[in-house]
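> One structure, pasted below without further comment.
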Amino acid sequence: NAGVTQTPKFQVLKTGQSMTLQCAQDMNHEYMSWYRQDPGMGLRLIHYSVGAGITDQGEVPNGYNVSRSTTEDFPLRLLSAAPSQTSVYFCASSSGVFNYGYTFGSGTRLTVV
Amino acid sequence: GNSVTQMEGPVTLSEEAFLTINCTYTATGYPSLFWYVQYPGEGLQLLLKATKADDKGSNKGFEATYRKETTSFHLEKGSVQVSDSAVYFCALSDFSGGYNKLIFGAGTRLAVHP
């Protein structure tokens with residue numbers, strides 16, 4: 001019963017480096033999202049996908065890219081990391097249009113120095 | 001746009017005390033409302049939900065009622081335990097843009113002491 005799996009759990013990057021945060025789900029969910037969590041700000045939507053090959057921007061997309069080549073995987077790419085991207089990142093998936101709950105991964109804590 | 005406002009924390013209680021965490025929302029239409037809980041070092045878990053006005057969501061002794069007239073969805077529990085210590089997020093579903101995304105409040109940290 002894996003649910004939503006995120007890797008890595010922790011990462012430290014230097015300013016300007018690139019990396020990919022991995023997210024995979026085994027529930028055959030169509031909808032997948034990336035959120036970032038910052039103190040006092042709750043979770044903010046970065047990018048989302050409504051199915052394989054379809055992605056769109058959320059509230060805070062700048063500095064991030066996504067792709068969705070399969071139903072299961074939804075990686076998040078940081079092209080040139082900045083200290084402002086220090087955050088905890090959560091991937092989430094959902095099955096239904098009317099959103100009877102999202103399933104969240106356990107998060108990736110990213111520090112950019 | 002749609003938004004969620006939660007009471008600021010931290011909330012510190014003794015075991016068996018009564019808990020209320022306030023949540024109000026601003027939204028067009030009739031969103032679904034949710035409470036998520038985040039235990040230390042973990043992701044968010046759905047605690048309860050309500051999909052229409054006057055619905056009461058409940059789970060693990062927690063309850064919240066969808067109040068359209070006051071645009072509120074306050075979380076309550078009659079007797080908290082140390083194991084309830086966590087961060088609680090109120091959220092609503094937002095259909096704008098053709099995608100059912102979640103809008104979160106800032107979160108309220110609850111600390112329960114023996």
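Identifiers in this document derive from the order of the structure tokens: chains are assigned A, B, ..., residues are numbered from 1 separately in each chain, and ligands are numbered from 1 in order of occurrence.
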Hey, which bits of chain A sit within 6 Å of chain B, and for each residue what's the closest pair of atoms and how far apart in Å (one decimal), counting only C-alpha atoms, rows by chain and increasing number, as CSV?

```
residue,atom,partner,partner_atom,distance
A:Gly40,CA,B:Ala106,CA,5.2
A:Met41,CA,B:Ala106,CA,4.6
A:Gly42,CA,B:Ala106,CA,3.7
A:Leu43,CA,B:Phe104,CA,5.9
A:Phe104,CA,B:Leu44,CA,5.7
A:Gly105,CA,B:Gly43,CA,5.6
A:Ser106,CA,B:Gly43,CA,4.0
A:Gly107,CA,B:Gly43,CA,5.9
```
> I'd like to know which residues of chain B are strand (DSSP E or B) (by DSSP, run on the backbone); could you write them as a PyMOL selection string?
chain B and resi 3-6+11-14+19-21+23-26+33-38+44-50+56-59+62-65+67+72+75-77+86-94+101-104+108-113
> With only C-alpha atoms as the basis for distance, which of A:Ala92, A:Leu78, A:Ile54, A:Leu110 is at the shortest distance from Ala24 in chain A?
A:Ala92
> Between CA of Thr70 in chain A and CA of Leu13 in chain A, what is the distance in Å, rounded to a tenth?
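Here the two named atoms are 27.4 Å from each other.
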> List the neighbours of Val112 in chain A out to 12 Å using only C-alpha atoms; skip same-chain residues closer than 5 positions along the sequence, and give me the result as a PyMOL selection string.
chain A and resi 10-19+78+80-88
